[in-house]
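**Student:** Just so it is clear, I am handing over run.txt, which has compact mmCIF, C-alpha atoms.
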# COMPACT_ATOMS: atom_id res chain seq x y z
CA MET A 274 -44.96 17.44 -15.73
CA LYS A 275 -41.23 18.17 -16.01
CA ARG A 276 -41.52 20.70 -13.18
CA ILE A 277 -43.33 18.18 -10.95
CA ILE A 278 -40.55 15.60 -11.51
CA GLN A 279 -37.91 18.19 -10.61
CA VAL A 280 -39.73 19.09 -7.37
CA VAL A 281 -40.14 15.40 -6.43
CA VAL A 282 -36.42 14.73 -7.07
CA VAL A 283 -35.36 17.75 -4.96
CA MET A 284 -37.67 16.70 -2.12
CA ALA A 285 -36.39 13.11 -2.26
CA VAL A 286 -32.79 14.31 -2.09
CA MET A 287 -33.59 16.56 0.86
CA LEU A 288 -35.47 13.79 2.65
CA VAL A 289 -32.62 11.31 2.17
CA GLY A 290 -30.03 13.90 3.22
CA PHE A 291 -31.87 14.94 6.36
CA GLY A 292 -33.01 11.40 7.08
CA SER A 293 -29.43 10.16 7.05
CA ALA A 294 -28.39 12.73 9.60
CA ALA A 295 -31.31 11.85 11.84
CA LEU A 296 -30.49 8.11 11.64
CA ALA A 297 -26.81 8.46 12.54
CA THR A 298 -25.95 6.92 15.91
CA ALA A 299 -22.89 6.72 18.14
CA GLY A 300 -21.10 3.39 18.46
CA GLN A 301 -21.73 1.16 21.44
CA GLY A 302 -19.68 -1.33 23.39
CA ASP A 303 -15.94 -1.70 23.83
CA VAL A 304 -14.39 -0.76 20.49
CA GLN A 305 -10.67 -0.15 20.38
CA ARG A 306 -8.95 1.22 17.30
CA VAL A 307 -5.20 1.44 16.81
CA ASP A 308 -3.50 2.98 13.80
CA VAL A 309 -0.96 0.60 12.30
CA GLY A 310 0.90 3.54 10.81
CA ARG A 311 0.58 6.73 8.80
CA GLY A 312 2.61 7.92 5.84
CA THR A 313 2.57 10.88 3.49
CA HIS A 314 2.02 10.05 -0.20
CA PRO A 315 4.97 11.18 -2.33
CA ASN A 316 2.96 10.90 -5.55
CA GLY A 317 -0.43 9.86 -6.88
CA GLY A 318 -1.48 6.54 -8.28
CA SER A 319 -4.38 4.21 -8.80
CA ILE A 320 -5.13 0.65 -7.82
CA ARG A 321 -6.95 -1.90 -9.95
CA PHE A 322 -8.85 -4.50 -7.94
CA ASP A 323 -9.07 -7.94 -9.56
CA ALA A 324 -12.21 -9.93 -8.76
CA GLY A 325 -11.51 -13.15 -6.90
CA HIS A 326 -8.30 -11.81 -5.30
CA GLN A 327 -7.51 -10.54 -1.83
CA THR A 328 -5.94 -7.56 -0.12
CA VAL A 329 -3.40 -8.56 2.53
CA VAL A 330 -2.27 -6.21 5.31
CA TYR A 331 0.76 -7.08 7.41
CA THR A 332 3.54 -5.52 9.45
CA ALA A 333 7.25 -6.29 9.50
CA THR A 334 10.17 -5.15 11.61
CA PHE A 335 13.71 -5.15 10.20
CA ALA A 336 16.58 -5.20 12.69
CA PRO A 337 19.61 -3.08 11.75
CA GLY A 338 21.30 -4.75 8.78
CA ALA A 339 18.34 -7.04 8.00
CA THR A 340 17.20 -7.56 4.40
CA SER A 341 14.11 -8.97 2.72
CA GLY A 342 15.80 -10.91 -0.05
CA TRP A 343 14.77 -10.40 -3.67
CA HIS A 344 11.05 -10.83 -4.21
CA ARG A 345 7.99 -9.68 -6.15
CA HIS A 346 4.43 -8.84 -5.15
CA PRO A 347 1.39 -10.09 -7.13
CA GLY A 348 -0.14 -6.62 -7.63
CA ALA A 349 -0.03 -3.11 -6.24
CA VAL A 350 1.84 -2.68 -2.97
CA MET A 351 1.84 0.19 -0.47
CA VAL A 352 4.40 0.41 2.32
CA VAL A 353 4.09 2.82 5.25
CA VAL A 354 7.30 3.30 7.23
CA LYS A 355 6.40 3.60 10.92
CA SER A 356 9.92 3.97 12.35
CA GLY A 357 13.49 3.93 11.14
CA THR A 358 14.39 4.23 7.46
CA LEU A 359 13.67 1.57 4.85
CA THR A 360 15.96 1.38 1.83
CA THR A 361 14.42 -0.11 -1.30
CA TYR A 362 16.03 -1.39 -4.48
CA GLY A 363 14.30 -2.42 -7.69
CA LEU A 364 10.65 -2.15 -8.72
CA SER A 365 10.42 1.41 -10.06
CA HIS A 366 14.18 2.09 -9.72
CA PRO A 367 17.17 0.18 -11.13
CA PRO A 368 18.16 -2.67 -8.78
CA CYS A 369 21.38 -1.13 -7.44
CA VAL A 370 19.90 2.34 -6.93
CA ALA A 371 18.93 2.87 -3.29
CA GLN A 372 15.77 4.77 -2.40
CA ASP A 373 15.51 5.70 1.29
CA ILE A 374 12.03 5.97 2.78
CA PRO A 375 12.12 7.55 6.26
CA ALA A 376 9.52 7.15 9.00
CA GLY A 377 6.29 8.94 8.17
CA GLN A 378 6.57 8.35 4.42
CA THR A 379 4.78 5.95 2.09
CA TYR A 380 6.04 3.95 -0.88
CA PHE A 381 3.55 2.89 -3.55
CA GLU A 382 4.02 0.65 -6.58
CA GLN A 383 1.02 0.50 -8.92
CA ASP A 384 1.69 -3.05 -10.18
CA ALA A 385 4.70 -4.79 -8.71
CA SER A 386 3.97 -7.93 -10.74
CA THR A 387 4.97 -6.15 -13.96
CA ALA A 388 7.87 -4.11 -12.55
CA PRO A 389 11.06 -4.40 -14.62
CA TRP A 390 13.01 -5.77 -11.62
CA PRO A 391 12.23 -7.68 -8.44
CA HIS A 392 12.33 -5.80 -5.14
CA PHE A 393 14.81 -5.86 -2.24
CA VAL A 394 14.64 -3.90 1.01
CA ARG A 395 17.23 -3.32 3.69
CA ASN A 396 17.55 -1.55 7.00
CA ARG A 397 20.85 0.33 6.65
CA GLY A 398 20.22 2.20 9.92
CA THR A 399 21.16 1.56 13.53
CA VAL A 400 17.60 1.21 14.89
CA PRO A 401 14.82 -1.22 13.92
CA THR A 402 12.66 -0.24 10.96
CA GLU A 403 8.94 -0.96 11.31
CA ILE A 404 6.68 -1.06 8.26
CA ALA A 405 3.03 -1.70 7.48
CA VAL A 406 2.33 -3.24 4.07
CA VAL A 407 -0.88 -3.42 2.05
CA ALA A 408 -0.59 -5.88 -0.82
CA PHE A 409 -3.39 -5.83 -3.39
CA ASN A 410 -4.57 -8.52 -5.83
CA VAL A 411 -3.10 -11.44 -3.94
CA PRO A 412 -4.50 -14.78 -5.15
CA ILE A 413 -6.92 -16.18 -2.56
CA GLY A 414 -4.87 -17.95 0.09
CA GLY A 415 -1.67 -17.17 -1.83
CA PRO A 416 1.45 -15.35 -0.69
CA ALA A 417 1.63 -11.56 -0.62
CA ARG A 418 5.24 -11.87 -1.81
CA VAL A 419 7.07 -14.41 -3.95
CA GLU A 420 10.80 -15.07 -3.79
CA ALA A 421 12.69 -13.99 -6.93
CA ASP A 422 16.15 -14.45 -8.40
CA ALA A 423 18.53 -11.55 -7.94
CA PRO A 424 18.76 -9.46 -11.12
CA LYS A 425 22.05 -9.94 -12.97
CA GLU A 426 22.59 -6.15 -12.79
CA CYS A 427 22.79 -6.23 -9.00
CA VAL A 428 23.03 -9.46 -7.03
CA ASN A 429 23.70 -7.82 -3.64
CA PRO A 430 22.93 -4.09 -3.40
CA ALA A 431 25.04 -2.04 -0.99
Taking this structure as input, can you express it in the form of structure tokens?
**Tutor:**
Amino acid sequence: MKRIIQVVVVMAVMLVGFGSAALATAGQGDVQRVDVGRGTHPNGGSIRFDAGHQTVVYTATFAPGATSGWHRHPGAVMVVVKSGTLTTYGLSHPPCVAQDIPAGQTYFEQDASTAPWPHFVRNRGTVPTEIAVVAFNVPIGGPARVEADAPKECVNPA
């Protein structure tokens, strides 16, 4: 009986595997796909998804000298730098310590809501900096970022 069950399981797996390949079809109609951006992961991490929350994807362009102001995110946040160099302060680094993220790189914070400091970004370069942001665990209909007071350790990072 055990042997019969094993044979049935193997046959079912083969049937599903081959059946899936036979059922695959090419797309139809006018479908256009555009990458928002790509970035290499500097380190690993994990994301917790909270039920009843949303994931928000947006882009932003910072002119030379532009800043974001101090803010927090409600959960994990991933930033892909498309062009230019983004300088970050806070979150996983002390607020007056600059971290440059050049084009083609990704920044990831596992839970920005519990970071020891709020976050501030600046374009210190001479060309616009374009970013794509994925903010996780945003309350439904809520903001993907919330304004925050400047930390007393660093009101205006250089």
**Student:** Taking into account all atoms listed in the file, which residue in the set A:Thr379, A:Thr360, A:Thr328, A:Asn410 is nearest to His392 of chain A?
**Tutor:** A:Thr360
**Student:** Within 8 Å of Trp390 of chain A, counting all atoms listed in the file, which residues show up once you throw out same-chain ones fewer than 3 positions away? Write them as a list of chain:residue names, please.
**Tutor:**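 The residues satisfying every condition are A:Gly363, A:Leu364, A:Ser365, A:Pro367, A:Pro368, A:Pro424.
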**Student:** Taking only C-alpha atoms into account, which of A:Val350, A:Gln301, A:Ile404, A:Thr334 comes nearest Ala385 of chain A?
**Tutor:** A:Val350
**Student:** Measuring atom to atom with only C-alpha atoms, identify which of A:Gly318, A:Gly300, A:Pro416, A:Gly310 is nearest to Phe381 of chain A.
**Tutor:** A:Gly318
**Student:** Work out how far apart atom CA of Asn316 of chain A and atom CA of Asp384 of chain A are and give it in Å to one decimal.
**Tutor:**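 Distance between the two atoms: 14.8 Å.
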**Student:** Using only C-alpha atoms, which of the listed residues (A:Gly317, A:Pro401, A:Pro389, A:Gly414) sits closest to Val354 of chain A?
**Tutor:**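 Of all the options, A:Pro401 lies closest to Val354 of chain A.
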**Student:** Could you check the closest approach to Phe393 of chain A for each of A:Cys427, A:Ile320, A:Met351, A:Val330 and tell me which residue wins, using all atoms listed in the file?
**Tutor:**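 Distance minimum relative to Phe393 of chain A lands on A:Cys427.
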**Student:** Go through A:Ala324, A:Gly342, A:Tyr331, A:Cys369 one by one, measure the shortest atom-to-atom distance of each to Lys425 of chain A using only C-alpha atoms, and give the residue with the smallest value.
**Tutor:**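 Selected residue with least distance to Lys425 of chain A: A:Cys369.
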**Student:** So that I can check the surroundings of Gly415 of chain A, please list as a list in words every protein, DNA and RNA residue that reaches within 12 Å of it, counting all atoms listed in the file and ignoring chain neighbours fewer than 6 positions away.
**Tutor:** Gly325, His326, Gln327, Thr328, Val329, His346, Pro347, Ala408 and Phe409 of chain A
**Student:** Output as AutoDock Vina command-line options the centre and edge lengths (Å, one decimal) of the box along x, y and z of the file that holds every listed atom of segment 382-385 of chain A after adding 6 Å on each side.
**Tutor:**
--center_x 2.9 --center_y -2.1 --center_z -8.4 --size_x 15.7 --size_y 17.4 --size_z 15.6
**Student:** Can you measure atom CA of Phe322 of chain A to atom CA of Pro412 of chain A for me? One decimal in Å is fine.
**Tutor:**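 Separation between atom CA of Phe322 of chain A and atom CA of Pro412 of chain A: 11.5 Å.
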**Student:** Interatomic distance between atom CA of Gly312 of chain A and atom CA of Ala376 of chain A?
**Tutor:**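 Atom-to-atom, atom CA of Gly312 of chain A and atom CA of Ala376 of chain A are spaced 7.6 Å apart.
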**Student:** Using only C-alpha atoms, what residues lie at most 9 Å away from (13.3, 3.4, -1.6) (file coordinates), given as a VMD selection string?
**Tutor:** chain A and resid 359 to 363 366 370 to 375 380 394
